[in-house]
>>> print(open('final-v6.txt').read())   # compact mmCIF, N, CA and C atoms
# COMPACT_ATOMS: atom_id res chain seq x y z
N MET A 1 -4.07 -8.73 17.97
CA MET A 1 -4.72 -8.27 16.77
C MET A 1 -6.18 -8.70 16.82
N ILE A 2 -7.04 -7.83 16.35
CA ILE A 2 -8.45 -8.16 16.22
C ILE A 2 -8.76 -8.18 14.73
N ARG A 3 -9.53 -9.17 14.28
CA ARG A 3 -9.90 -9.30 12.87
C ARG A 3 -11.41 -9.23 12.78
N VAL A 4 -11.89 -8.37 11.90
CA VAL A 4 -13.33 -8.17 11.72
C VAL A 4 -13.67 -8.49 10.28
N SER A 5 -14.66 -9.36 10.06
CA SER A 5 -15.02 -9.68 8.69
C SER A 5 -16.52 -9.77 8.45
N GLU A 6 -17.31 -9.85 9.48
CA GLU A 6 -18.74 -10.03 9.29
C GLU A 6 -19.53 -8.86 9.87
N PRO A 7 -20.60 -8.42 9.18
CA PRO A 7 -21.39 -7.31 9.68
C PRO A 7 -21.92 -7.53 11.09
N GLU A 8 -22.24 -8.77 11.44
CA GLU A 8 -22.78 -9.00 12.78
C GLU A 8 -21.72 -8.84 13.87
N GLU A 9 -20.45 -8.70 13.47
CA GLU A 9 -19.37 -8.47 14.42
C GLU A 9 -19.17 -6.98 14.68
N GLN A 10 -20.15 -6.16 14.33
CA GLN A 10 -19.96 -4.72 14.40
C GLN A 10 -20.19 -4.14 15.78
N GLY A 11 -20.27 -4.95 16.81
CA GLY A 11 -20.40 -4.43 18.16
C GLY A 11 -19.21 -3.56 18.52
N LYS A 12 -19.44 -2.58 19.37
CA LYS A 12 -18.35 -1.68 19.78
C LYS A 12 -17.27 -2.45 20.52
N PRO A 13 -16.00 -2.22 20.15
CA PRO A 13 -14.92 -2.83 20.92
C PRO A 13 -14.85 -2.17 22.29
N SER A 14 -14.31 -2.87 23.24
CA SER A 14 -14.17 -2.33 24.59
C SER A 14 -13.27 -1.09 24.54
N PRO A 15 -13.72 0.05 25.09
CA PRO A 15 -12.93 1.27 25.02
C PRO A 15 -11.61 1.21 25.79
N ASP A 16 -11.48 0.25 26.71
CA ASP A 16 -10.24 0.17 27.46
C ASP A 16 -9.19 -0.70 26.77
N LEU A 17 -9.53 -1.29 25.62
CA LEU A 17 -8.58 -2.10 24.87
C LEU A 17 -7.97 -1.25 23.76
N GLY A 18 -6.69 -1.32 23.62
CA GLY A 18 -6.01 -0.66 22.52
C GLY A 18 -5.18 -1.68 21.79
N TYR A 19 -5.52 -1.97 20.56
CA TYR A 19 -4.83 -3.00 19.79
C TYR A 19 -3.74 -2.39 18.94
N ASP A 20 -2.65 -3.16 18.77
CA ASP A 20 -1.58 -2.75 17.87
C ASP A 20 -2.06 -2.76 16.43
N THR A 21 -2.85 -3.78 16.09
CA THR A 21 -3.34 -3.93 14.71
C THR A 21 -4.76 -4.44 14.73
N VAL A 22 -5.59 -3.82 13.90
CA VAL A 22 -6.96 -4.27 13.69
C VAL A 22 -7.11 -4.50 12.19
N LEU A 23 -7.52 -5.70 11.80
CA LEU A 23 -7.76 -6.03 10.40
C LEU A 23 -9.25 -6.01 10.15
N VAL A 24 -9.68 -5.13 9.26
CA VAL A 24 -11.07 -5.11 8.82
C VAL A 24 -11.09 -5.76 7.44
N ASP A 25 -11.44 -7.03 7.41
CA ASP A 25 -11.58 -7.82 6.18
C ASP A 25 -13.03 -7.63 5.77
N ALA A 26 -13.28 -6.53 5.08
CA ALA A 26 -14.64 -6.03 4.88
C ALA A 26 -15.46 -6.87 3.89
N PRO A 27 -16.73 -7.08 4.23
CA PRO A 27 -17.63 -7.67 3.23
C PRO A 27 -17.70 -6.70 2.05
N CYS A 28 -17.71 -7.25 0.85
CA CYS A 28 -17.64 -6.38 -0.32
C CYS A 28 -18.39 -6.99 -1.50
N SER A 29 -18.32 -6.29 -2.62
CA SER A 29 -19.01 -6.72 -3.84
C SER A 29 -18.44 -8.00 -4.42
N GLY A 30 -17.18 -8.30 -4.13
CA GLY A 30 -16.54 -9.49 -4.68
C GLY A 30 -16.14 -9.35 -6.14
N THR A 31 -16.10 -8.12 -6.66
CA THR A 31 -15.75 -7.93 -8.07
C THR A 31 -14.36 -8.45 -8.40
N GLY A 32 -13.51 -8.57 -7.42
CA GLY A 32 -12.18 -9.11 -7.66
C GLY A 32 -12.18 -10.60 -7.91
N THR A 33 -13.32 -11.26 -7.66
CA THR A 33 -13.39 -12.72 -7.86
C THR A 33 -14.19 -13.09 -9.11
N TYR A 34 -14.54 -12.13 -9.94
CA TYR A 34 -15.36 -12.41 -11.12
C TYR A 34 -14.72 -13.44 -12.05
N ARG A 35 -13.41 -13.48 -12.10
CA ARG A 35 -12.74 -14.45 -12.96
C ARG A 35 -13.12 -15.87 -12.56
N ARG A 36 -13.22 -16.12 -11.26
CA ARG A 36 -13.60 -17.44 -10.77
C ARG A 36 -15.11 -17.60 -10.59
N ASN A 37 -15.81 -16.48 -10.42
CA ASN A 37 -17.25 -16.50 -10.15
C ASN A 37 -17.99 -15.56 -11.11
N PRO A 38 -17.96 -15.83 -12.40
CA PRO A 38 -18.54 -14.89 -13.36
C PRO A 38 -20.04 -14.64 -13.15
N TRP A 39 -20.75 -15.55 -12.55
CA TRP A 39 -22.18 -15.38 -12.31
C TRP A 39 -22.48 -14.21 -11.37
N LEU A 40 -21.49 -13.81 -10.56
CA LEU A 40 -21.71 -12.69 -9.63
C LEU A 40 -22.05 -11.39 -10.38
N LYS A 41 -21.52 -11.24 -11.59
CA LYS A 41 -21.81 -10.04 -12.39
C LYS A 41 -23.30 -9.88 -12.63
N GLN A 42 -23.99 -10.97 -12.77
CA GLN A 42 -25.41 -10.93 -13.09
C GLN A 42 -26.30 -10.78 -11.87
N THR A 43 -25.76 -10.97 -10.69
CA THR A 43 -26.59 -10.92 -9.50
C THR A 43 -26.37 -9.67 -8.65
N PHE A 44 -25.26 -8.97 -8.88
CA PHE A 44 -24.94 -7.82 -8.05
C PHE A 44 -25.63 -6.56 -8.57
N THR A 45 -26.20 -5.78 -7.65
CA THR A 45 -26.95 -4.58 -8.04
C THR A 45 -26.34 -3.33 -7.39
N GLU A 46 -26.74 -2.17 -7.89
CA GLU A 46 -26.30 -0.90 -7.33
C GLU A 46 -26.74 -0.76 -5.87
N SER A 47 -27.94 -1.23 -5.56
CA SER A 47 -28.39 -1.12 -4.16
C SER A 47 -27.57 -2.03 -3.25
N MET A 48 -27.14 -3.18 -3.74
CA MET A 48 -26.27 -4.05 -2.95
C MET A 48 -24.92 -3.37 -2.73
N LEU A 49 -24.41 -2.70 -3.76
CA LEU A 49 -23.15 -1.98 -3.62
C LEU A 49 -23.28 -0.88 -2.57
N GLU A 50 -24.37 -0.12 -2.61
CA GLU A 50 -24.56 0.94 -1.62
C GLU A 50 -24.61 0.37 -0.20
N GLN A 51 -25.27 -0.75 -0.04
CA GLN A 51 -25.33 -1.40 1.27
C GLN A 51 -23.93 -1.82 1.73
N MET A 52 -23.14 -2.38 0.81
CA MET A 52 -21.76 -2.77 1.14
C MET A 52 -20.94 -1.55 1.57
N VAL A 53 -21.06 -0.47 0.80
CA VAL A 53 -20.30 0.75 1.11
C VAL A 53 -20.65 1.26 2.50
N GLN A 54 -21.93 1.25 2.85
CA GLN A 54 -22.33 1.70 4.18
C GLN A 54 -21.81 0.77 5.28
N THR A 55 -21.86 -0.52 5.04
CA THR A 55 -21.35 -1.49 6.01
C THR A 55 -19.85 -1.29 6.21
N GLN A 56 -19.12 -1.15 5.11
CA GLN A 56 -17.67 -0.94 5.18
C GLN A 56 -17.35 0.33 5.97
N ARG A 57 -18.07 1.40 5.67
CA ARG A 57 -17.84 2.67 6.36
C ARG A 57 -18.07 2.50 7.87
N GLY A 58 -19.14 1.79 8.22
CA GLY A 58 -19.44 1.55 9.62
C GLY A 58 -18.36 0.73 10.31
N LEU A 59 -17.85 -0.28 9.63
CA LEU A 59 -16.78 -1.10 10.21
C LEU A 59 -15.52 -0.28 10.45
N LEU A 60 -15.15 0.54 9.48
CA LEU A 60 -13.96 1.38 9.65
C LEU A 60 -14.12 2.35 10.82
N ARG A 61 -15.27 2.99 10.87
CA ARG A 61 -15.52 3.94 11.96
C ARG A 61 -15.45 3.25 13.31
N ARG A 62 -16.14 2.14 13.42
CA ARG A 62 -16.26 1.46 14.70
C ARG A 62 -14.92 0.90 15.18
N TYR A 63 -14.21 0.24 14.29
CA TYR A 63 -12.99 -0.45 14.73
C TYR A 63 -11.76 0.45 14.74
N ALA A 64 -11.84 1.63 14.19
CA ALA A 64 -10.76 2.60 14.34
C ALA A 64 -10.56 2.93 15.82
N GLU A 65 -11.67 2.89 16.56
CA GLU A 65 -11.61 3.20 17.99
C GLU A 65 -10.80 2.16 18.77
N ALA A 66 -10.64 0.97 18.22
CA ALA A 66 -9.92 -0.09 18.92
C ALA A 66 -8.41 -0.02 18.70
N VAL A 67 -7.97 0.85 17.80
CA VAL A 67 -6.55 0.97 17.48
C VAL A 67 -5.89 1.94 18.45
N LYS A 68 -4.83 1.48 19.10
CA LYS A 68 -4.15 2.38 20.04
C LYS A 68 -3.27 3.36 19.26
N PRO A 69 -2.95 4.50 19.84
CA PRO A 69 -2.04 5.44 19.17
C PRO A 69 -0.74 4.72 18.80
N GLY A 70 -0.32 4.91 17.56
CA GLY A 70 0.85 4.21 17.05
C GLY A 70 0.51 2.87 16.43
N GLY A 71 -0.74 2.42 16.59
CA GLY A 71 -1.18 1.15 16.02
C GLY A 71 -1.65 1.31 14.59
N ARG A 72 -2.08 0.21 14.01
CA ARG A 72 -2.48 0.20 12.60
C ARG A 72 -3.87 -0.40 12.41
N LEU A 73 -4.57 0.19 11.47
CA LEU A 73 -5.86 -0.30 11.01
C LEU A 73 -5.64 -0.76 9.58
N VAL A 74 -5.86 -2.04 9.31
CA VAL A 74 -5.67 -2.60 7.97
C VAL A 74 -7.05 -2.86 7.39
N TYR A 75 -7.29 -2.30 6.20
CA TYR A 75 -8.59 -2.42 5.54
C TYR A 75 -8.39 -3.22 4.25
N ALA A 76 -9.19 -4.27 4.08
CA ALA A 76 -9.02 -5.15 2.92
C ALA A 76 -10.36 -5.51 2.30
N THR A 77 -10.36 -5.60 0.97
CA THR A 77 -11.53 -6.10 0.23
C THR A 77 -11.05 -6.97 -0.92
N CYS A 78 -11.97 -7.75 -1.48
CA CYS A 78 -11.69 -8.48 -2.72
C CYS A 78 -12.48 -7.80 -3.85
N SER A 79 -12.46 -6.48 -3.82
CA SER A 79 -13.18 -5.67 -4.79
C SER A 79 -12.20 -4.91 -5.69
N LEU A 80 -12.65 -4.61 -6.89
CA LEU A 80 -11.90 -3.77 -7.81
C LEU A 80 -12.50 -2.37 -7.90
N LEU A 81 -13.56 -2.10 -7.16
CA LEU A 81 -14.29 -0.84 -7.27
C LEU A 81 -13.70 0.23 -6.34
N SER A 82 -13.41 1.40 -6.90
CA SER A 82 -12.81 2.45 -6.09
C SER A 82 -13.74 2.92 -4.97
N ARG A 83 -15.06 2.83 -5.16
CA ARG A 83 -15.98 3.22 -4.08
C ARG A 83 -15.77 2.39 -2.83
N GLU A 84 -15.39 1.14 -3.02
CA GLU A 84 -15.17 0.25 -1.88
C GLU A 84 -13.73 0.29 -1.39
N ASN A 85 -12.85 0.87 -2.16
CA ASN A 85 -11.42 0.82 -1.85
C ASN A 85 -10.87 2.22 -1.55
N GLU A 86 -10.26 2.85 -2.54
CA GLU A 86 -9.68 4.18 -2.31
C GLU A 86 -10.71 5.17 -1.80
N GLY A 87 -11.92 5.09 -2.33
CA GLY A 87 -12.98 5.99 -1.89
C GLY A 87 -13.29 5.84 -0.41
N GLN A 88 -13.31 4.63 0.07
CA GLN A 88 -13.56 4.39 1.49
C GLN A 88 -12.41 4.95 2.34
N VAL A 89 -11.19 4.72 1.90
CA VAL A 89 -10.03 5.19 2.66
C VAL A 89 -10.01 6.72 2.68
N GLU A 90 -10.25 7.34 1.54
CA GLU A 90 -10.27 8.81 1.47
C GLU A 90 -11.34 9.39 2.38
N ALA A 91 -12.54 8.81 2.36
CA ALA A 91 -13.63 9.30 3.22
C ALA A 91 -13.27 9.12 4.69
N PHE A 92 -12.68 7.98 5.02
CA PHE A 92 -12.27 7.72 6.40
C PHE A 92 -11.24 8.74 6.86
N LEU A 93 -10.25 9.01 6.04
CA LEU A 93 -9.19 9.95 6.43
C LEU A 93 -9.70 11.38 6.58
N ARG A 94 -10.73 11.74 5.82
CA ARG A 94 -11.33 13.06 5.99
C ARG A 94 -11.99 13.17 7.37
N GLU A 95 -12.60 12.08 7.82
CA GLU A 95 -13.25 12.05 9.13
C GLU A 95 -12.26 11.86 10.27
N ARG A 96 -11.18 11.18 10.00
CA ARG A 96 -10.23 10.80 11.06
C ARG A 96 -8.81 11.28 10.71
N PRO A 97 -8.54 12.56 10.93
CA PRO A 97 -7.19 13.06 10.64
C PRO A 97 -6.12 12.51 11.58
N ASP A 98 -6.54 11.73 12.58
CA ASP A 98 -5.58 11.09 13.47
C ASP A 98 -5.02 9.79 12.88
N PHE A 99 -5.41 9.48 11.65
CA PHE A 99 -4.87 8.33 10.93
C PHE A 99 -4.19 8.82 9.65
N ALA A 100 -3.20 8.08 9.19
CA ALA A 100 -2.50 8.38 7.94
C ALA A 100 -2.17 7.07 7.24
N VAL A 101 -2.07 7.13 5.91
CA VAL A 101 -1.74 5.95 5.11
C VAL A 101 -0.27 5.59 5.29
N VAL A 102 -0.02 4.31 5.45
CA VAL A 102 1.34 3.76 5.46
C VAL A 102 1.50 3.05 4.12
N PRO A 103 2.45 3.44 3.28
CA PRO A 103 2.61 2.77 1.98
C PRO A 103 2.84 1.27 2.15
N ALA A 104 2.04 0.50 1.43
CA ALA A 104 2.10 -0.96 1.55
C ALA A 104 3.40 -1.54 1.00
N ALA A 105 4.00 -0.89 0.01
CA ALA A 105 5.21 -1.44 -0.62
C ALA A 105 6.32 -1.67 0.40
N GLY A 106 6.52 -0.72 1.29
CA GLY A 106 7.58 -0.86 2.29
C GLY A 106 7.32 -2.00 3.25
N ILE A 107 6.07 -2.18 3.62
CA ILE A 107 5.71 -3.28 4.54
C ILE A 107 5.96 -4.61 3.86
N LEU A 108 5.55 -4.73 2.61
CA LEU A 108 5.74 -5.98 1.87
C LEU A 108 7.22 -6.26 1.62
N GLN A 109 7.96 -5.23 1.23
CA GLN A 109 9.40 -5.42 0.97
C GLN A 109 10.12 -5.88 2.23
N ALA A 110 9.74 -5.35 3.38
CA ALA A 110 10.37 -5.77 4.64
C ALA A 110 10.11 -7.25 4.92
N ALA A 111 9.03 -7.77 4.37
CA ALA A 111 8.70 -9.19 4.53
C ALA A 111 9.25 -10.03 3.37
N GLY A 112 10.01 -9.40 2.47
CA GLY A 112 10.59 -10.12 1.34
C GLY A 112 9.64 -10.34 0.19
N ILE A 113 8.57 -9.56 0.13
CA ILE A 113 7.57 -9.68 -0.92
C ILE A 113 7.67 -8.48 -1.84
N VAL A 114 7.88 -8.73 -3.12
CA VAL A 114 7.98 -7.65 -4.08
C VAL A 114 6.77 -7.72 -5.02
N VAL A 115 5.99 -6.64 -5.01
CA VAL A 115 4.82 -6.53 -5.88
C VAL A 115 4.91 -5.20 -6.59
N ASP A 116 4.74 -5.21 -7.91
CA ASP A 116 4.74 -3.96 -8.68
C ASP A 116 3.48 -3.19 -8.31
N MET A 117 3.66 -2.07 -7.61
CA MET A 117 2.50 -1.32 -7.13
C MET A 117 2.52 0.09 -7.72
N LYS A 118 1.34 0.56 -8.08
CA LYS A 118 1.19 1.87 -8.70
C LYS A 118 0.75 2.93 -7.70
N SER A 119 0.44 2.54 -6.48
CA SER A 119 -0.02 3.51 -5.48
C SER A 119 0.47 3.07 -4.10
N GLU A 120 0.07 3.79 -3.09
CA GLU A 120 0.47 3.46 -1.73
C GLU A 120 -0.34 2.31 -1.15
N PHE A 121 -1.34 1.86 -1.90
CA PHE A 121 -2.17 0.74 -1.46
C PHE A 121 -1.73 -0.54 -2.16
N LEU A 122 -2.10 -1.66 -1.57
CA LEU A 122 -1.89 -2.94 -2.23
C LEU A 122 -3.08 -3.17 -3.14
N GLU A 123 -2.81 -3.28 -4.42
CA GLU A 123 -3.87 -3.55 -5.39
C GLU A 123 -3.40 -4.69 -6.28
N LEU A 124 -4.02 -5.85 -6.10
CA LEU A 124 -3.71 -6.99 -6.94
C LEU A 124 -4.78 -7.10 -8.00
N LEU A 125 -4.34 -7.24 -9.24
CA LEU A 125 -5.27 -7.30 -10.37
C LEU A 125 -5.10 -8.60 -11.13
N PRO A 126 -6.21 -9.25 -11.48
CA PRO A 126 -6.13 -10.55 -12.16
C PRO A 126 -5.26 -10.53 -13.41
N HIS A 127 -5.40 -9.51 -14.25
CA HIS A 127 -4.65 -9.47 -15.51
C HIS A 127 -3.17 -9.11 -15.33
N ARG A 128 -2.81 -8.52 -14.19
CA ARG A 128 -1.42 -8.14 -13.95
C ARG A 128 -0.69 -9.09 -13.02
N HIS A 129 -1.39 -9.61 -12.04
CA HIS A 129 -0.73 -10.40 -11.02
C HIS A 129 -1.10 -11.88 -11.02
N GLY A 130 -2.06 -12.26 -11.87
CA GLY A 130 -2.47 -13.66 -11.94
C GLY A 130 -3.20 -14.12 -10.68
N THR A 131 -3.83 -13.18 -9.98
CA THR A 131 -4.55 -13.48 -8.74
C THR A 131 -5.98 -12.98 -8.87
N ASP A 132 -6.77 -13.21 -7.84
CA ASP A 132 -8.03 -12.51 -7.74
C ASP A 132 -7.72 -11.03 -7.51
N GLY A 133 -8.71 -10.18 -7.75
CA GLY A 133 -8.54 -8.77 -7.43
C GLY A 133 -8.61 -8.59 -5.93
N PHE A 134 -7.73 -7.75 -5.42
CA PHE A 134 -7.64 -7.55 -3.97
C PHE A 134 -7.16 -6.13 -3.71
N PHE A 135 -7.66 -5.54 -2.62
CA PHE A 135 -7.24 -4.21 -2.20
C PHE A 135 -6.88 -4.25 -0.73
N GLY A 136 -5.81 -3.57 -0.38
CA GLY A 136 -5.42 -3.46 1.02
C GLY A 136 -4.85 -2.09 1.32
N ALA A 137 -5.25 -1.52 2.43
CA ALA A 137 -4.73 -0.23 2.88
C ALA A 137 -4.30 -0.37 4.33
N VAL A 138 -3.16 0.20 4.65
CA VAL A 138 -2.66 0.21 6.02
C VAL A 138 -2.73 1.66 6.50
N LEU A 139 -3.43 1.86 7.61
CA LEU A 139 -3.63 3.19 8.16
C LEU A 139 -3.07 3.20 9.58
N ALA A 140 -2.13 4.11 9.83
CA ALA A 140 -1.52 4.20 11.16
C ALA A 140 -2.20 5.30 11.96
N ARG A 141 -2.50 4.98 13.21
CA ARG A 141 -3.06 6.00 14.10
C ARG A 141 -1.90 6.80 14.68
N LYS A 142 -1.99 8.10 14.53
CA LYS A 142 -0.92 8.98 15.00
C LYS A 142 -0.83 8.93 16.51
N ARG A 143 0.36 9.11 17.02
CA ARG A 143 0.60 9.07 18.47
C ARG A 143 0.09 10.32 19.13
>>> encode(input="final-v6.txt", output="structure tokens")
Amino acid sequence: MIRVSEPEEQGKPSPDLGYDTVLVDAPCSGTGTYRRNPWLKQTFTESMLEQMVQTQRGLLRRYAEAVKPGGRLVYATCSLLSRENEGQVEAFLRERPDFAVVPAAGILQAAGIVVDMKSEFLELLPHRHGTDGFFGAVLARKR
């Protein structure tokens, strides 16, 4: 597995490597942590959000190439914003029809984890789950 979390790690993966799983722990707005870090609300700007969105898009594009057919690309943020979450996944899937969403509920249930989920993505919400806000999407590369 390869894990990517920092923009400076955006170098192209070796084309001869095919990973079963690539985790893109994307830099994000951090809106899911406002409960613990309320000061972030006052410092975050629209231009910072746009920069994050572009960085996230670049990470997804770049590291999708490292996933072998049949492998998985896992995209995660600590954001509550759809532009950084569902919006990113939707845009990625429009560009990469060789990937498809794998519902997170089945993966979690197989591991003995039960989370009340309203969509095919993992979305943890402070007011519902007693956690920081978190988003996760599992994307499988078609064979």
>>> closest_residue(input="final-v6.txt", among="A:Val89, A:Val53, A:Leu60, A:Met48", to="Val24 of chain A", atoms="only N, CA and C atoms")
A:Leu60
>>> residues_near_point(input="final-v6.txt", point="(-26.1, -0.5, 0.0)", cutoff="12 Å", atoms="only C-alpha atoms", output="ChimeraX atom specification")
/A:27-29,44-58,83-84
>>> closest_residue(input="final-v6.txt", among="A:Glu123, A:Asp132, A:Asp25, A:Asp116", to="Leu73 of chain A", atoms="only C-alpha atoms")
A:Asp25
>>> closest_residue(input="final-v6.txt", among="A:Phe99, A:Arg62, A:Pro38, A:Leu122", to="Leu139 of chain A", atoms="only C-alpha atoms")
A:Phe99
>>> closest_residue(input="final-v6.txt", among="A:Tyr75, A:His129, A:Pro97, A:Ala110", to="Val22 of chain A", atoms="all atoms listed in the file")
A:Tyr75
>>> axis_aligned_box(input="final-v6.txt", around="segment 41-53 of chain A", padding_each_side="4 Å", output="JSON")
{"center_x": -24.3, "center_y": -5.0, "center_z": -5.3, "size_x": 16.1, "size_y": 20.5, "size_z": 23.6}
>>> atom_distance(input="final-v6.txt", atom1="atom C of Val67 of chain A", atom2="atom C of Leu93 of chain A")
15.6 Å
>>> closest_residue(input="final-v6.txt", among="A:Phe134, A:Arg141, A:Thr33, A:Leu23", to="Val74 of chain A", atoms="only C-alpha atoms")
A:Leu23
>>> closest_residue(input="final-v6.txt", among="A:Lys142, A:Leu59, A:Ala105, A:Cys78", to="Tyr34 of chain A", atoms="all atoms listed in the file")
A:Cys78
>>> select_by_dssp(input="final-v6.txt", residues="chain A", states="alpha helix (DSSP H)", output="ChimeraX atom specification")
/A:40-43,46-64,86-95,104-110,126-129
>>> write_last_selection(input="final-v6.txt", atoms="N, CA and C atoms", output="short mmCIF file (atom, residue, chain, number, x, y, z; two decimals), keeping the file's coordinate frame")
data_model
loop_
_atom_site.label_atom_id
_atom_site.label_comp_id
_atom_site.auth_asym_id
_atom_site.auth_seq_id
_atom_site.Cartn_x
_atom_site.Cartn_y
_atom_site.Cartn_z
N LEU A 40 -21.49 -13.81 -10.56
CA LEU A 40 -21.71 -12.69 -9.63
C LEU A 40 -22.05 -11.39 -10.38
N LYS A 41 -21.52 -11.24 -11.59
CA LYS A 41 -21.81 -10.04 -12.39
C LYS A 41 -23.30 -9.88 -12.63
N GLN A 42 -23.99 -10.97 -12.77
CA GLN A 42 -25.41 -10.93 -13.09
C GLN A 42 -26.30 -10.78 -11.87
N THR A 43 -25.76 -10.97 -10.69
CA THR A 43 -26.59 -10.92 -9.50
C THR A 43 -26.37 -9.67 -8.65
N GLU A 46 -26.74 -2.17 -7.89
CA GLU A 46 -26.30 -0.90 -7.33
C GLU A 46 -26.74 -0.76 -5.87
N SER A 47 -27.94 -1.23 -5.56
CA SER A 47 -28.39 -1.12 -4.16
C SER A 47 -27.57 -2.03 -3.25
N MET A 48 -27.14 -3.18 -3.74
CA MET A 48 -26.27 -4.05 -2.95
C MET A 48 -24.92 -3.37 -2.73
N LEU A 49 -24.41 -2.70 -3.76
CA LEU A 49 -23.15 -1.98 -3.62
C LEU A 49 -23.28 -0.88 -2.57
N GLU A 50 -24.37 -0.12 -2.61
CA GLU A 50 -24.56 0.94 -1.62
C GLU A 50 -24.61 0.37 -0.20
N GLN A 51 -25.27 -0.75 -0.04
CA GLN A 51 -25.33 -1.40 1.27
C GLN A 51 -23.93 -1.82 1.73
N MET A 52 -23.14 -2.38 0.81
CA MET A 52 -21.76 -2.77 1.14
C MET A 52 -20.94 -1.55 1.57
N VAL A 53 -21.06 -0.47 0.80
CA VAL A 53 -20.30 0.75 1.11
C VAL A 53 -20.65 1.26 2.50
N GLN A 54 -21.93 1.25 2.85
CA GLN A 54 -22.33 1.70 4.18
C GLN A 54 -21.81 0.77 5.28
N THR A 55 -21.86 -0.52 5.04
CA THR A 55 -21.35 -1.49 6.01
C THR A 55 -19.85 -1.29 6.21
N GLN A 56 -19.12 -1.15 5.11
CA GLN A 56 -17.67 -0.94 5.18
C GLN A 56 -17.35 0.33 5.97
N ARG A 57 -18.07 1.40 5.67
CA ARG A 57 -17.84 2.67 6.36
C ARG A 57 -18.07 2.50 7.87
N GLY A 58 -19.14 1.79 8.22
CA GLY A 58 -19.44 1.55 9.62
C GLY A 58 -18.36 0.73 10.31
N LEU A 59 -17.85 -0.28 9.63
CA LEU A 59 -16.78 -1.10 10.21
C LEU A 59 -15.52 -0.28 10.45
N LEU A 60 -15.15 0.54 9.48
CA LEU A 60 -13.96 1.38 9.65
C LEU A 60 -14.12 2.35 10.82
N ARG A 61 -15.27 2.99 10.87
CA ARG A 61 -15.52 3.94 11.96
C ARG A 61 -15.45 3.25 13.31
N ARG A 62 -16.14 2.14 13.42
CA ARG A 62 -16.26 1.46 14.70
C ARG A 62 -14.92 0.90 15.18
N TYR A 63 -14.21 0.24 14.29
CA TYR A 63 -12.99 -0.45 14.73
C TYR A 63 -11.76 0.45 14.74
N ALA A 64 -11.84 1.63 14.19
CA ALA A 64 -10.76 2.60 14.34
C ALA A 64 -10.56 2.93 15.82
N GLU A 86 -10.26 2.85 -2.54
CA GLU A 86 -9.68 4.18 -2.31
C GLU A 86 -10.71 5.17 -1.80
N GLY A 87 -11.92 5.09 -2.33
CA GLY A 87 -12.98 5.99 -1.89
C GLY A 87 -13.29 5.84 -0.41
N GLN A 88 -13.31 4.63 0.07
CA GLN A 88 -13.56 4.39 1.49
C GLN A 88 -12.41 4.95 2.34
N VAL A 89 -11.19 4.72 1.90
CA VAL A 89 -10.03 5.19 2.66
C VAL A 89 -10.01 6.72 2.68
N GLU A 90 -10.25 7.34 1.54
CA GLU A 90 -10.27 8.81 1.47
C GLU A 90 -11.34 9.39 2.38
N ALA A 91 -12.54 8.81 2.36
CA ALA A 91 -13.63 9.30 3.22
C ALA A 91 -13.27 9.12 4.69
N PHE A 92 -12.68 7.98 5.02
CA PHE A 92 -12.27 7.72 6.40
C PHE A 92 -11.24 8.74 6.86
N LEU A 93 -10.25 9.01 6.04
CA LEU A 93 -9.19 9.95 6.43
C LEU A 93 -9.70 11.38 6.58
N ARG A 94 -10.73 11.74 5.82
CA ARG A 94 -11.33 13.06 5.99
C ARG A 94 -11.99 13.17 7.37
N GLU A 95 -12.60 12.08 7.82
CA GLU A 95 -13.25 12.05 9.13
C GLU A 95 -12.26 11.86 10.27
N ALA A 104 2.04 0.50 1.43
CA ALA A 104 2.10 -0.96 1.55
C ALA A 104 3.40 -1.54 1.00
N ALA A 105 4.00 -0.89 0.01
CA ALA A 105 5.21 -1.44 -0.62
C ALA A 105 6.32 -1.67 0.40
N GLY A 106 6.52 -0.72 1.29
CA GLY A 106 7.58 -0.86 2.29
C GLY A 106 7.32 -2.00 3.25
N ILE A 107 6.07 -2.18 3.62
CA ILE A 107 5.71 -3.28 4.54
C ILE A 107 5.96 -4.61 3.86
N LEU A 108 5.55 -4.73 2.61
CA LEU A 108 5.74 -5.98 1.87
C LEU A 108 7.22 -6.26 1.62
N GLN A 109 7.96 -5.23 1.23
CA GLN A 109 9.40 -5.42 0.97
C GLN A 109 10.12 -5.88 2.23
N ALA A 110 9.74 -5.35 3.38
CA ALA A 110 10.37 -5.77 4.64
C ALA A 110 10.11 -7.25 4.92
N PRO A 126 -6.21 -9.25 -11.48
CA PRO A 126 -6.13 -10.55 -12.16
C PRO A 126 -5.26 -10.53 -13.41
N HIS A 127 -5.40 -9.51 -14.25
CA HIS A 127 -4.65 -9.47 -15.51
C HIS A 127 -3.17 -9.11 -15.33
N ARG A 128 -2.81 -8.52 -14.19
CA ARG A 128 -1.42 -8.14 -13.95
C ARG A 128 -0.69 -9.09 -13.02
N HIS A 129 -1.39 -9.61 -12.04
CA HIS A 129 -0.73 -10.40 -11.02
C HIS A 129 -1.10 -11.88 -11.02
#
>>> atom_distance(input="final-v6.txt", atom1="atom N of Leu81 of chain A", atom2="atom N of Asn37 of chain A")
14.9 Å
>>> residues_around(input="final-v6.txt", residues="Val101 of chain A", least_positions_apart="6", cutoff="7 Å", atoms="all atoms listed in the file", output="list in words")
Ala137, Val138, Leu139 and Ala140 of chain A
>>> write_last_selection(input="final-v6.txt", atoms="N, CA and C atoms", output="PDB file, in the frame of the given file")
ATOM      1  N   ALA A 137      -5.250  -1.520   2.430  1.00  0.00           N
ATOM      2  CA  ALA A 137      -4.730  -0.230   2.880  1.00  0.00           C
ATOM      3  C   ALA A 137      -4.300  -0.370   4.330  1.00  0.00           C
ATOM      4  N   VAL A 138      -3.160   0.200   4.650  1.00  0.00           N
ATOM      5  CA  VAL A 138      -2.660   0.210   6.020  1.00  0.00           C
ATOM      6  C   VAL A 138      -2.730   1.660   6.500  1.00  0.00           C
ATOM      7  N   LEU A 139      -3.430   1.860   7.610  1.00  0.00           N
ATOM      8  CA  LEU A 139      -3.630   3.190   8.160  1.00  0.00           C
ATOM      9  C   LEU A 139      -3.070   3.200   9.580  1.00  0.00           C
ATOM     10  N   ALA A 140      -2.130   4.110   9.830  1.00  0.00           N
ATOM     11  CA  ALA A 140      -1.520   4.200  11.160  1.00  0.00           C
ATOM     12  C   ALA A 140      -2.200   5.300  11.960  1.00  0.00           C
TER      13      ALA A 140
END
